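**Student:** Hey, dropping start.cif in here, mmCIF, C-alpha atoms:
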data_final
#
loop_
_atom_site.label_atom_id
_atom_site.label_comp_id
_atom_site.auth_asym_id
_atom_site.auth_seq_id
_atom_site.Cartn_x
_atom_site.Cartn_y
_atom_site.Cartn_z
CA MET A 998 29.75 8.33 -29.76
CA LEU A 999 26.94 10.52 -28.39
CA GLU A 1000 27.02 12.52 -31.62
CA PHE A 1001 26.45 9.35 -33.61
CA ILE A 1002 23.57 8.35 -31.29
CA GLU A 1003 22.05 11.82 -31.68
CA TRP A 1004 22.33 11.51 -35.44
CA LEU A 1005 20.71 8.07 -35.20
CA SER A 1006 17.81 9.49 -33.21
CA LEU A 1007 17.12 12.04 -35.93
CA THR A 1008 16.94 9.53 -38.79
CA PRO A 1009 13.39 9.34 -40.19
CA TRP A 1010 12.90 5.68 -39.24
CA SER A 1011 13.91 6.31 -35.67
CA ILE A 1012 11.47 9.21 -35.36
CA GLY A 1013 8.81 7.13 -37.09
CA LEU A 1014 9.22 4.23 -34.66
CA ARG A 1015 9.36 6.50 -31.66
CA GLU A 1016 6.14 8.26 -32.59
CA SER A 1017 4.36 5.23 -34.00
CA LEU A 1018 0.98 4.18 -32.67
CA TYR A 1019 1.29 0.49 -33.41
CA MET A 1020 4.82 -0.43 -34.56
CA TYR A 1021 6.53 0.22 -31.24
CA PRO A 1022 4.10 -1.83 -29.10
CA TRP A 1023 4.15 -4.61 -31.71
CA ILE A 1024 7.93 -4.74 -31.74
CA GLU A 1025 8.02 -4.60 -27.96
CA SER A 1026 5.58 -7.51 -27.69
CA ALA A 1027 7.47 -9.50 -30.33
CA HIS A 1028 10.71 -8.91 -28.41
CA VAL A 1029 9.19 -10.44 -25.30
CA LEU A 1030 7.77 -13.35 -27.30
CA PHE A 1031 11.17 -14.15 -28.85
CA ILE A 1032 12.85 -13.85 -25.46
CA ALA A 1033 10.38 -16.50 -24.27
CA ILE A 1034 11.20 -18.77 -27.22
CA PHE A 1035 14.94 -18.23 -26.84
CA PHE A 1036 15.13 -18.60 -23.10
CA GLY A 1037 12.44 -21.27 -22.89
CA THR A 1038 14.31 -23.58 -25.26
CA LEU A 1039 17.69 -22.65 -23.81
CA LEU A 1040 16.40 -23.78 -20.44
CA PHE A 1041 15.98 -27.31 -21.79
CA VAL A 1042 19.33 -27.37 -23.58
CA ASP A 1043 21.10 -26.23 -20.42
CA LEU A 1044 19.16 -28.44 -18.02
CA ARG A 1045 19.80 -31.43 -20.30
CA LEU A 1046 23.51 -30.78 -19.98
CA THR A 1047 23.35 -30.54 -16.22
CA GLY A 1048 21.38 -33.81 -16.29
CA HIS A 1049 18.07 -32.53 -14.92
CA VAL A 1050 15.76 -33.19 -17.88
CA PHE A 1051 15.41 -35.52 -20.90
CA GLN A 1052 18.16 -37.85 -19.83
CA GLU A 1053 16.93 -40.54 -22.24
CA LEU A 1054 17.52 -38.12 -25.12
CA SER A 1055 21.09 -37.94 -26.43
CA ILE A 1056 22.82 -34.56 -26.56
CA SER A 1057 23.19 -34.61 -30.33
CA GLN A 1058 19.50 -35.53 -30.75
CA MET A 1059 18.53 -32.68 -28.47
CA ASN A 1060 20.77 -30.25 -30.33
CA LYS A 1061 19.12 -31.24 -33.59
CA ARG A 1062 15.59 -30.78 -32.24
CA ILE A 1063 15.72 -27.89 -29.83
CA LEU A 1064 18.72 -25.76 -30.76
CA PRO A 1065 17.23 -24.50 -34.08
CA LEU A 1066 14.35 -22.98 -32.09
CA THR A 1067 16.81 -21.34 -29.73
CA ILE A 1068 18.67 -19.85 -32.68
CA ILE A 1069 15.46 -18.57 -34.32
CA GLY A 1070 14.44 -17.04 -31.01
CA PHE A 1071 17.87 -15.47 -30.62
CA VAL A 1072 17.99 -13.94 -34.10
CA PHE A 1073 14.53 -12.35 -33.90
CA MET A 1074 15.13 -11.31 -30.30
CA CYS A 1075 18.23 -9.42 -31.49
CA ILE A 1076 16.44 -7.80 -34.44
CA THR A 1077 13.50 -6.60 -32.35
CA GLY A 1078 15.88 -5.55 -29.57
CA PHE A 1079 17.92 -3.48 -31.98
CA LEU A 1080 14.75 -1.81 -33.27
CA LEU A 1081 13.66 -0.94 -29.74
CA PHE A 1082 17.07 0.64 -29.15
CA TYR A 1083 16.90 2.42 -32.49
CA ALA A 1084 13.46 3.88 -31.65
CA VAL A 1085 14.73 5.68 -28.54
CA PRO A 1086 18.53 5.79 -29.02
CA ILE A 1087 19.64 8.58 -26.70
CA ARG A 1088 17.68 7.45 -23.67
CA ASN A 1089 18.81 3.86 -24.10
CA TYR A 1090 22.43 4.81 -24.74
CA GLN A 1091 22.49 6.84 -21.51
CA ASN A 1092 20.61 4.23 -19.50
CA LEU A 1093 22.55 2.47 -16.76
CA PHE A 1094 20.56 -0.77 -17.04
CA PHE A 1095 20.97 -0.84 -20.81
CA ARG A 1096 24.72 -0.61 -20.35
CA ILE A 1097 24.72 -3.36 -17.72
CA LYS A 1098 22.65 -5.50 -20.07
CA PHE A 1099 25.00 -4.89 -22.99
CA PHE A 1100 27.99 -5.89 -20.85
CA LEU A 1101 26.21 -9.04 -19.64
CA ILE A 1102 25.28 -10.00 -23.22
CA ILE A 1103 28.96 -9.88 -24.17
CA ILE A 1104 29.88 -12.19 -21.29
CA ALA A 1105 26.95 -14.52 -22.02
CA GLY A 1106 28.00 -14.51 -25.68
CA LEU A 1107 31.58 -15.50 -24.86
CA ASN A 1108 30.26 -18.28 -22.63
CA ALA A 1109 27.97 -19.50 -25.43
CA TYR A 1110 30.83 -19.40 -27.93
CA TYR A 1111 33.04 -21.53 -25.70
CA PHE A 1112 30.12 -23.82 -24.91
CA HIS A 1113 29.19 -24.53 -28.53
CA LYS A 1114 32.75 -24.86 -29.72
CA THR A 1115 33.34 -27.62 -27.19
CA MET A 1116 29.93 -29.18 -27.65
CA ASN A 1117 30.16 -29.45 -31.43
CA LYS A 1118 33.51 -31.16 -31.07
CA GLU A 1119 32.63 -33.55 -28.28
CA SER A 1120 28.88 -34.18 -28.16
CA LYS A 1121 29.18 -37.41 -30.20
CA LYS A 1122 31.57 -38.72 -27.60
CA TRP A 1123 29.19 -37.77 -24.75
CA ASP A 1124 26.43 -39.70 -26.52
CA LYS A 1125 28.52 -42.84 -26.33
CA ASP A 1126 29.82 -42.83 -22.80
CA SER A 1127 27.04 -40.55 -21.42
CA HIS A 1128 29.49 -38.60 -19.38
CA ILE A 1129 29.35 -34.80 -19.62
CA PRO A 1130 32.45 -33.02 -18.32
CA SER A 1131 31.78 -30.80 -15.30
CA ARG A 1132 33.14 -27.67 -17.00
CA MET A 1133 30.29 -28.03 -19.52
CA LYS A 1134 27.80 -28.31 -16.68
CA GLN A 1135 29.25 -25.17 -15.17
CA SER A 1136 29.04 -23.43 -18.51
CA ALA A 1137 25.38 -24.47 -18.86
CA LEU A 1138 24.57 -23.10 -15.42
CA ALA A 1139 26.47 -19.90 -16.15
CA SER A 1140 24.45 -19.53 -19.33
CA LEU A 1141 21.14 -19.77 -17.45
CA PHE A 1142 22.38 -17.37 -14.79
CA LEU A 1143 23.76 -14.80 -17.24
CA TRP A 1144 20.75 -14.79 -19.57
CA SER A 1145 18.45 -14.41 -16.55
CA LEU A 1146 20.43 -11.35 -15.50
CA VAL A 1147 20.24 -10.03 -19.08
CA ILE A 1148 16.45 -10.34 -19.02
CA ILE A 1149 16.19 -8.72 -15.60
CA SER A 1150 18.42 -5.79 -16.53
CA GLY A 1151 16.48 -5.41 -19.79
CA ARG A 1152 13.31 -5.13 -17.79
CA MET A 1153 14.92 -2.48 -15.57
CA ILE A 1154 15.62 -0.17 -18.55
CA ALA A 1155 12.06 1.13 -18.10
CA TYR A 1156 12.95 2.70 -14.76
CA ASN A 1157 14.34 6.22 -14.75
CA TRP A 1158 16.17 6.14 -11.39
CA PHE A 1159 19.55 6.71 -13.00
CA ASP A 1160 18.51 8.61 -16.10
CA CYS A 1161 20.55 11.52 -17.38
CA GLY A 1162 17.37 13.61 -17.45
CA ARG A 1163 16.87 12.97 -13.76
CA GLN A 1164 19.39 14.93 -11.78
CA PRO A 1165 21.11 15.29 -9.40
CA GLN A 1166 22.90 11.96 -9.66
CA PRO A 1167 26.18 11.01 -8.01
CA ASP A 1168 29.18 11.77 -10.22
CA PHE A 1169 30.05 8.12 -10.78
CA ILE A 1170 26.54 7.42 -12.10
CA ASN A 1171 26.82 10.32 -14.53
CA PHE A 1172 30.22 8.96 -15.52
CA LEU A 1173 28.81 5.45 -16.09
CA ILE A 1174 26.00 6.74 -18.31
CA SER A 1175 28.19 9.34 -20.14
CA CYS A 1176 25.95 12.11 -18.94
CA THR A 1177 27.25 15.65 -18.73
CA ALA A 1178 24.82 17.27 -16.34
CA ASP A 1179 25.31 20.89 -15.41
CA SER A 1180 26.45 20.34 -11.82
CA ASP A 1181 26.35 24.09 -11.01
CA LEU A 1182 22.58 23.87 -11.07
CA TYR A 1183 22.58 21.48 -8.15
CA GLU A 1184 25.31 23.01 -6.02
CA GLY A 1185 24.60 23.05 -2.30
CA LEU A 1186 21.88 20.44 -2.53
CA ASP A 1187 21.94 17.33 -0.40
CA GLY A 1188 23.02 13.96 -1.64
CA ILE A 1189 25.57 15.03 -4.22
CA MET B 985 12.65 -34.25 -10.53
CA LYS B 986 9.30 -33.61 -8.87
CA ASN B 987 10.99 -31.09 -6.61
CA LEU B 988 12.44 -29.32 -9.61
CA ILE B 989 9.04 -29.04 -11.27
CA ILE B 990 7.56 -27.54 -8.13
CA ARG B 991 10.42 -25.10 -7.84
CA VAL B 992 10.26 -24.01 -11.49
CA THR B 993 6.47 -23.64 -11.36
CA SER B 994 6.63 -21.49 -8.26
CA ILE B 995 9.29 -19.25 -9.80
CA ILE B 996 7.15 -18.81 -12.91
CA PHE B 997 4.08 -18.11 -10.78
CA LEU B 998 5.95 -15.54 -8.67
CA TYR B 999 7.25 -13.85 -11.79
CA PHE B 1000 3.80 -13.45 -13.31
CA TYR B 1001 2.33 -12.42 -10.00
CA SER B 1002 4.89 -9.67 -9.60
CA SER B 1003 4.50 -8.54 -13.20
CA ILE B 1004 0.78 -7.99 -12.60
CA VAL B 1005 1.69 -5.68 -9.76
CA LEU B 1006 4.52 -4.01 -11.66
CA SER B 1007 3.12 -3.77 -15.17
CA HIS B 1008 5.13 -1.46 -17.22
CA HIS B 1009 7.16 0.62 -14.84
CA ALA B 1010 5.55 0.67 -11.47
CA PHE B 1011 4.04 3.94 -10.36
CA THR B 1012 5.52 3.82 -6.88
CA ALA B 1013 9.07 3.36 -8.20
CA GLU B 1014 9.08 6.87 -9.61
CA PHE B 1015 6.11 8.84 -8.30
CA ASP B 1016 4.77 9.82 -4.91
CA ALA B 1017 1.14 8.86 -4.28
CA ASN B 1018 1.12 11.33 -1.38
CA ALA B 1019 2.05 14.26 -3.58
CA PRO B 1020 -0.98 14.90 -5.78
CA ILE B 1021 -0.75 17.91 -8.09
CA ASN B 1022 -3.40 20.00 -9.74
CA ILE B 1023 -1.83 22.45 -12.16
CA THR B 1024 -3.22 24.86 -14.70
CA GLY B 1025 -0.98 26.08 -17.45
CA LYS B 1026 -0.15 26.55 -21.07
CA VAL B 1027 1.05 23.62 -23.18
CA LEU B 1028 4.60 24.35 -24.35
CA LYS B 1029 5.07 21.19 -26.36
CA VAL B 1030 4.02 17.57 -26.49
CA GLU B 1031 6.49 14.80 -27.16
CA TRP B 1032 4.47 12.10 -28.92
CA ILE B 1033 6.94 9.35 -28.17
CA ASN B 1034 7.00 5.75 -27.04
CA PRO B 1035 7.00 4.33 -24.49
CA HIS B 1036 5.56 7.42 -22.77
CA ALA B 1037 4.37 10.71 -24.16
CA TRP B 1038 5.42 13.88 -22.33
CA VAL B 1039 3.36 17.04 -22.04
CA HIS B 1040 5.36 20.14 -21.14
CA VAL B 1041 3.23 22.65 -19.28
CA GLU B 1042 4.20 26.16 -18.23
CA VAL B 1043 2.54 27.15 -14.97
CA GLU B 1044 2.46 30.84 -13.98
CA ASP B 1045 2.19 31.53 -10.29
CA GLN B 1046 2.53 35.06 -8.91
CA GLY B 1047 4.70 36.14 -11.78
CA LYS B 1048 6.96 33.08 -11.50
CA SER B 1049 6.81 30.45 -14.19
CA THR B 1050 7.51 26.77 -13.59
CA ILE B 1051 7.81 24.14 -16.27
CA TRP B 1052 6.24 20.78 -15.59
CA MET B 1053 6.99 17.65 -17.59
CA VAL B 1054 3.95 15.45 -17.29
CA GLU B 1055 4.25 11.80 -18.24
CA GLY B 1056 1.30 10.28 -20.05
CA GLY B 1057 0.52 6.89 -21.55
CA THR B 1058 1.78 5.77 -24.96
CA PRO B 1059 0.78 7.82 -28.03
CA ASN B 1060 -1.61 4.97 -28.81
CA THR B 1061 -3.43 5.10 -25.46
CA LEU B 1062 -3.66 8.90 -25.60
CA ILE B 1063 -5.31 8.83 -29.01
CA ARG B 1064 -7.67 6.05 -27.92
CA ASN B 1065 -8.72 8.20 -24.97
CA GLY B 1066 -9.33 11.18 -27.22
CA ILE B 1067 -6.17 13.25 -26.82
CA THR B 1068 -4.88 14.10 -30.29
CA LYS B 1069 -2.17 16.34 -31.69
CA ASP B 1070 -4.92 18.82 -32.56
CA SER B 1071 -6.61 18.88 -29.16
CA ILE B 1072 -3.40 19.46 -27.22
CA LYS B 1073 -1.59 21.99 -29.40
CA PRO B 1074 1.04 24.29 -27.88
CA GLY B 1075 -0.67 27.31 -26.31
CA THR B 1076 -3.75 25.39 -25.12
CA VAL B 1077 -4.50 26.06 -21.47
CA ILE B 1078 -5.09 22.78 -19.67
CA VAL B 1079 -5.65 21.55 -16.15
CA VAL B 1080 -3.63 18.49 -15.23
CA ARG B 1081 -4.15 16.29 -12.21
CA GLY B 1082 -1.47 13.82 -11.30
CA TYR B 1083 1.31 12.97 -8.88
CA GLN B 1084 4.74 14.49 -8.53
CA SER B 1085 7.94 12.50 -8.94
CA LYS B 1086 9.63 11.22 -5.79
CA GLY B 1087 12.63 13.53 -6.06
CA LYS B 1088 10.75 16.77 -5.70
CA LEU B 1089 13.54 18.97 -7.00
CA CYS B 1090 12.20 20.98 -9.88
CA LEU B 1091 15.62 21.12 -11.51
CA PRO B 1092 15.65 21.72 -14.35
CA ARG B 1093 11.91 20.96 -14.48
CA CYS B 1094 9.25 19.47 -12.26
CA ILE B 1095 8.24 15.95 -13.24
CA ALA B 1096 4.86 14.38 -12.69
CA ASN B 1097 2.76 11.43 -13.69
CA GLY B 1098 -0.40 12.70 -15.34
CA ARG B 1099 -3.75 11.17 -14.44
CA ASP B 1100 -6.26 13.31 -16.25
CA VAL B 1101 -6.30 16.47 -18.28
CA THR B 1102 -9.13 19.00 -18.59
CA PHE B 1103 -9.40 20.95 -21.85
CA PRO B 1104 -10.69 24.54 -22.26
CA ASP B 1105 -14.10 23.15 -23.33
CA GLY B 1106 -14.42 21.31 -20.02
CA ARG B 1107 -13.71 17.87 -21.45
CA LYS B 1108 -11.84 15.73 -18.91
CA VAL B 1109 -9.77 12.86 -20.31
CA PHE B 1110 -7.68 10.13 -18.69
CA MET B 1111 -4.07 10.52 -19.86
CA GLY B 1112 -2.24 7.76 -17.97
CA SER B 1113 -1.87 4.02 -18.43
CA SER B 1114 -4.05 1.48 -16.70
CA GLY B 1115 -2.67 -0.96 -14.18
CA THR B 1116 0.49 0.87 -13.18
CA GLY B 1117 -0.28 0.75 -9.48
CA ALA B 1118 -1.20 4.43 -9.33
CA PRO B 1119 -3.69 5.37 -6.59
CA ARG B 1120 -7.29 4.49 -7.42
CA ASP B 1121 -8.43 8.07 -7.64
CA GLY B 1122 -11.21 7.55 -10.14
CA ALA B 1123 -9.25 9.16 -13.02
CA ASP B 1124 -9.04 5.90 -14.98
CA PRO B 1125 -12.46 4.92 -16.36
CA ARG B 1126 -11.25 1.32 -16.88
CA GLU B 1127 -10.15 0.89 -13.32
CA ARG B 1128 -11.82 -1.89 -11.34
CA ARG B 1129 -13.71 -0.44 -8.42
#
Spit out the file's structure as structure tokens when you get a sec.
**Tutor:**
Amino acid sequence: MLEFIEWLSLTPWSIGLRESLYMYPWIESAHVLFIAIFFGTLLFVDLRLTGHVFQELSISQMNKRILPLTIIGFVFMCITGFLLFYAVPIRNYQNLFFRIKFFLIIIAGLNAYYFHKTMNKESKKWDKDSHIPSRMKQSALASLFLWSLVIISGRMIAYNWFDCGRQPQPDFINFLISCTADSDLYEGLDGI
Amino acid sequence: MKNLIIRVTSIIFLYFYSSIVLSHHAFTAEFDANAPINITGKVLKVEWINPHAWVHVEVEDQGKSTIWMVEGGTPNTLIRNGITKDSIKPGTVIVVRGYQSKGKLCLPRCIANGRDVTFPDGRKVFMGSSGTGAPRDGADPRERR
């Protein structure tokens, strides 16, 4: 895997993005903007399901109005996110917070999949008797919680506390970030 | 409902307040404000990469050479401040002021946050980013006094 990431980092577009004067900051800013659109609209979808906002609006109405924005935000958030990864592949691949974020995205994705499968099937019924099952409320809360953690761990990628280039690190950290540091260098030092 | 609005607003406010203090990665998370450095050495190479450029400097001291990796701003901020690929070519002897990383082990290299760099012609240029929470040492011309 690391060999593939190294190859990726040497592709001309990756080098170009990494060394760019304007593209990288533009993509980075766009990523934050689309996170805001995605999460901002998701907040309303989820809080509607838990019954905190827009109770006069039916679920299917809300889905029709707000969900497209959430999806647009999500798609562009993913594209810009991929580009940010692609610009600095090795550092991101060996970054503990990036890995935590990736793991959380998978869980949040599974939750969203379950959520939408049920919602598409049953939202018409909820419109009629205005009763939302509690497992859907739980799923909506889980979605807010998980995506918040995704955003926080994404923000933490900037910090180098557990970077492969910053040694010595405990063995389990090096294991978690697939880092093969030359441990002989640090032998006899404290904290290892 | 009113309670919820107050709660959400205060969370948003706190978030933005903390992001002002922490903009990009906070200085104090990685560097030691009590460990200023002032090194003179030869540029080995410069990594012109986002989100931070790195200047590798070889410092000779009593026959012993130490390699310092000095973190700068983004390539964009460096060029705006007047540090170009031509002005900081490998082999140039520069003076760097900055702060050492918190883990002071120089293995395999010493790491520092660069504040300003002085070129052979005496030109002194700010090489960091503004608003990182680094000490107000006068290196940043845009810093509010």
**Student:** For this structure, which residues satisfy the selection - the PyMOL selection byres ((chain A) within 7 of (chain B)) - when it is evaluated on the file as given? I want them as a PyMOL selection string.
**Tutor:** chain A and resi 1015-1016+1018+1021+1155-1156
**Student:** Pick out the closest residue to Gly1057 (chain B) from this set: B:Ile1023, B:Ile989, B:Val1039, B:Ile1078. Count only C-alpha atoms.
**Tutor:** B:Val1039
**Student:** Ranking B:Pro1119, B:Ala1019, B:Glu1127, B:Pro1104 by minimum distance to Lys1073 (chain B) and counting only C-alpha atoms, which one comes first?
**Tutor:**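 Of B:Pro1119, B:Ala1019, B:Glu1127, B:Pro1104, the one nearest Lys1073 (chain B), counting only C-alpha atoms, is B:Pro1104.
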**Student:** Ala1084 (chain A): which residues within 10 Å, counting all atoms listed in the file, same-chain residues fewer than 2 positions away excluded, as a list in words?
**Tutor:**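 Contacts, with the query itself left out: Leu1005, Ser1006, Leu1007, Thr1008, Trp1010, Ser1011, Ile1012, Gly1013, Leu1014, Arg1015, Glu1016, Ser1017, Tyr1021, Gly1078, Phe1079, Leu1080, Leu1081, Phe1082, Pro1086, Ile1087, Arg1088 and Asn1089 of chain A; Ile1033, Asn1034 and Pro1035 of chain B.
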**Student:** Evaluate the PyMOL selection byres ((chain B and resi 1025) around 8) here and jot the selected residues down as a list of chain:residue names.
**Tutor:**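 Selected by the PyMOL selection byres ((chain B and resi 1025) around 8) in this file: B:Ile1023, B:Thr1024, B:Lys1026, B:Val1027, B:Val1041, B:Glu1042, B:Val1043, B:Glu1044, B:Val1077, B:Ile1078, B:Val1079.
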**Student:** Could you give me, as a PyMOL selection string, the residues within 8 Å of region 1098-1113 of chain A, counting only C-alpha atoms and dropping anything in the same chain fewer than 4 positions from it?
**Tutor:** chain A and resi 1094+1117+1133+1136-1137+1139-1140+1143-1144+1146-1148+1150-1151
**Student:** Quick one: distance from CA of Pro1065 (chain A) to CA of Leu1040 (chain A) in Å, one decimal?
**Tutor:**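 Taking CA of Pro1065 (chain A) as the start and CA of Leu1040 (chain A) as the end point, the length is 13.7 Å.
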**Student:** Show which residues sit within 8 Å of region 1106-1114 of chain B, as a list in words. Count all atoms listed in the file, and ignore same-chain residues fewer than 5 positions away.
**Tutor:**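 Once the nearby chain positions are removed, what remains is Glu1055, Gly1056, Gly1057, Thr1058, Thr1061, Leu1062, Asn1065, Gly1066, Ile1067, Asn1097, Gly1098, Arg1099, Asp1100, Val1101, Ala1123, Asp1124, Pro1125, Arg1126 and Glu1127 of chain B.
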**Student:** Would you mind telling me which residue in A:Thr1047, A:Thr1038, A:Ser1057, A:Ser1026 lies nearest to Glu1119 (chain A) when using all atoms listed in the file?
**Tutor:**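 Of all the options, A:Ser1057 lies closest to Glu1119 (chain A).
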**Student:** Just to confirm, what's the straight-line distance from CA of Ile1021 (chain B) to CA of Val1080 (chain B) in Å (one decimal)?
**Tutor:**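 If I compute the distance from CA of Ile1021 (chain B) to CA of Val1080 (chain B), I get 7.7 Å.
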**Student:** For the PyMOL selection byres ((chain A and resi 1056) around 8), applied here, can you spell out every residue it catches as JSON, numbers by chain?
**Tutor:** {"A": [1045, 1046, 1054, 1055, 1057, 1058, 1059, 1060, 1120, 1121, 1123, 1124]}
**Student:** Rounded to one decimal in Å, what is the spacing between CA of Ile1174 (chain A) and CA of Asn1157 (chain A)?
**Tutor:**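 These atoms are spaced 12.2 Å apart.
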**Student:** Nearest residue to Cys1176 (chain A) out of A:Ser1131, A:Phe1071, A:Thr1115, A:Leu1093, using all atoms listed in the file?
**Tutor:** A:Leu1093
**Student:** Since the input is missing atoms, can you rebuild N, CA and C atoms for region 1015-1036 of chain B and write them as a PDB file, keeping the file's coordinate frame?
**Tutor:**
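Now in part31.pdb:
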ATOM      1  N   PHE B1015       6.981   7.731  -8.695  1.00  0.00           N
ATOM      2  CA  PHE B1015       6.110   8.840  -8.300  1.00  0.00           C
ATOM      3  C   PHE B1015       5.583   8.665  -6.888  1.00  0.00           C
ATOM      4  N   ASP B1016       5.194   9.794  -6.305  1.00  0.00           N
ATOM      5  CA  ASP B1016       4.770   9.820  -4.910  1.00  0.00           C
ATOM      6  C   ASP B1016       3.252   9.949  -4.831  1.00  0.00           C
ATOM      7  N   ALA B1017       2.605   8.866  -4.368  1.00  0.00           N
ATOM      8  CA  ALA B1017       1.140   8.860  -4.280  1.00  0.00           C
ATOM      9  C   ALA B1017       0.641   9.890  -3.271  1.00  0.00           C
ATOM     10  N   ASN B1018       1.530  10.337  -2.383  1.00  0.00           N
ATOM     11  CA  ASN B1018       1.120  11.330  -1.380  1.00  0.00           C
ATOM     12  C   ASN B1018       1.391  12.760  -1.823  1.00  0.00           C
ATOM     13  N   ALA B1019       1.785  12.909  -3.087  1.00  0.00           N
ATOM     14  CA  ALA B1019       2.050  14.260  -3.580  1.00  0.00           C
ATOM     15  C   ALA B1019       1.205  14.562  -4.817  1.00  0.00           C
ATOM     16  N   PRO B1020      -0.132  14.608  -4.633  1.00  0.00           N
ATOM     17  CA  PRO B1020      -0.980  14.900  -5.780  1.00  0.00           C
ATOM     18  C   PRO B1020      -0.758  16.340  -6.263  1.00  0.00           C
ATOM     19  N   ILE B1021      -0.871  16.548  -7.550  1.00  0.00           N
ATOM     20  CA  ILE B1021      -0.750  17.910  -8.090  1.00  0.00           C
ATOM     21  C   ILE B1021      -2.006  18.242  -8.867  1.00  0.00           C
ATOM     22  N   ASN B1022      -2.290  19.509  -8.931  1.00  0.00           N
ATOM     23  CA  ASN B1022      -3.400  20.000  -9.740  1.00  0.00           C
ATOM     24  C   ASN B1022      -2.921  21.315 -10.332  1.00  0.00           C
ATOM     25  N   ILE B1023      -2.454  21.259 -11.577  1.00  0.00           N
ATOM     26  CA  ILE B1023      -1.830  22.450 -12.160  1.00  0.00           C
ATOM     27  C   ILE B1023      -2.615  22.947 -13.361  1.00  0.00           C
ATOM     28  N   THR B1024      -2.589  24.258 -13.533  1.00  0.00           N
ATOM     29  CA  THR B1024      -3.220  24.860 -14.700  1.00  0.00           C
ATOM     30  C   THR B1024      -2.131  25.623 -15.441  1.00  0.00           C
ATOM     31  N   GLY B1025      -2.026  25.386 -16.721  1.00  0.00           N
ATOM     32  CA  GLY B1025      -0.980  26.080 -17.450  1.00  0.00           C
ATOM     33  C   GLY B1025      -1.104  25.896 -18.950  1.00  0.00           C
ATOM     34  N   LYS B1026      -0.152  26.541 -19.621  1.00  0.00           N
ATOM     35  CA  LYS B1026      -0.150  26.550 -21.070  1.00  0.00           C
ATOM     36  C   LYS B1026       0.729  25.407 -21.584  1.00  0.00           C
ATOM     37  N   VAL B1027       0.245  24.683 -22.572  1.00  0.00           N
ATOM     38  CA  VAL B1027       1.050  23.620 -23.180  1.00  0.00           C
ATOM     39  C   VAL B1027       2.201  24.252 -23.942  1.00  0.00           C
ATOM     40  N   LEU B1028       3.442  23.858 -23.599  1.00  0.00           N
ATOM     41  CA  LEU B1028       4.600  24.350 -24.350  1.00  0.00           C
ATOM     42  C   LEU B1028       4.864  23.462 -25.545  1.00  0.00           C
ATOM     43  N   LYS B1029       4.921  22.162 -25.276  1.00  0.00           N
ATOM     44  CA  LYS B1029       5.070  21.190 -26.360  1.00  0.00           C
ATOM     45  C   LYS B1029       4.635  19.820 -25.872  1.00  0.00           C
ATOM     46  N   VAL B1030       4.368  18.947 -26.828  1.00  0.00           N
ATOM     47  CA  VAL B1030       4.020  17.570 -26.490  1.00  0.00           C
ATOM     48  C   VAL B1030       4.963  16.662 -27.241  1.00  0.00           C
ATOM     49  N   GLU B1031       5.638  15.793 -26.496  1.00  0.00           N
ATOM     50  CA  GLU B1031       6.490  14.800 -27.160  1.00  0.00           C
ATOM     51  C   GLU B1031       5.647  13.546 -27.368  1.00  0.00           C
ATOM     52  N   TRP B1032       5.303  13.279 -28.617  1.00  0.00           N
ATOM     53  CA  TRP B1032       4.470  12.100 -28.920  1.00  0.00           C
ATOM     54  C   TRP B1032       5.373  10.895 -29.099  1.00  0.00           C
ATOM     55  N   ILE B1033       5.963  10.435 -28.003  1.00  0.00           N
ATOM     56  CA  ILE B1033       6.940   9.350 -28.170  1.00  0.00           C
ATOM     57  C   ILE B1033       6.589   8.135 -27.318  1.00  0.00           C
ATOM     58  N   ASN B1034       7.040   6.987 -27.805  1.00  0.00           N
ATOM     59  CA  ASN B1034       7.000   5.750 -27.040  1.00  0.00           C
ATOM     60  C   ASN B1034       8.210   5.716 -26.125  1.00  0.00           C
ATOM     61  N   PRO B1035       8.173   5.024 -25.024  1.00  0.00           N
ATOM     62  CA  PRO B1035       7.000   4.330 -24.490  1.00  0.00           C
ATOM     63  C   PRO B1035       6.055   5.237 -23.720  1.00  0.00           C
ATOM     64  N   HIS B1036       6.447   6.503 -23.477  1.00  0.00           N
ATOM     65  CA  HIS B1036       5.560   7.420 -22.770  1.00  0.00           C
ATOM     66  C   HIS B1036       5.596   8.780 -23.452  1.00  0.00           C
TER      67      HIS B1036
END
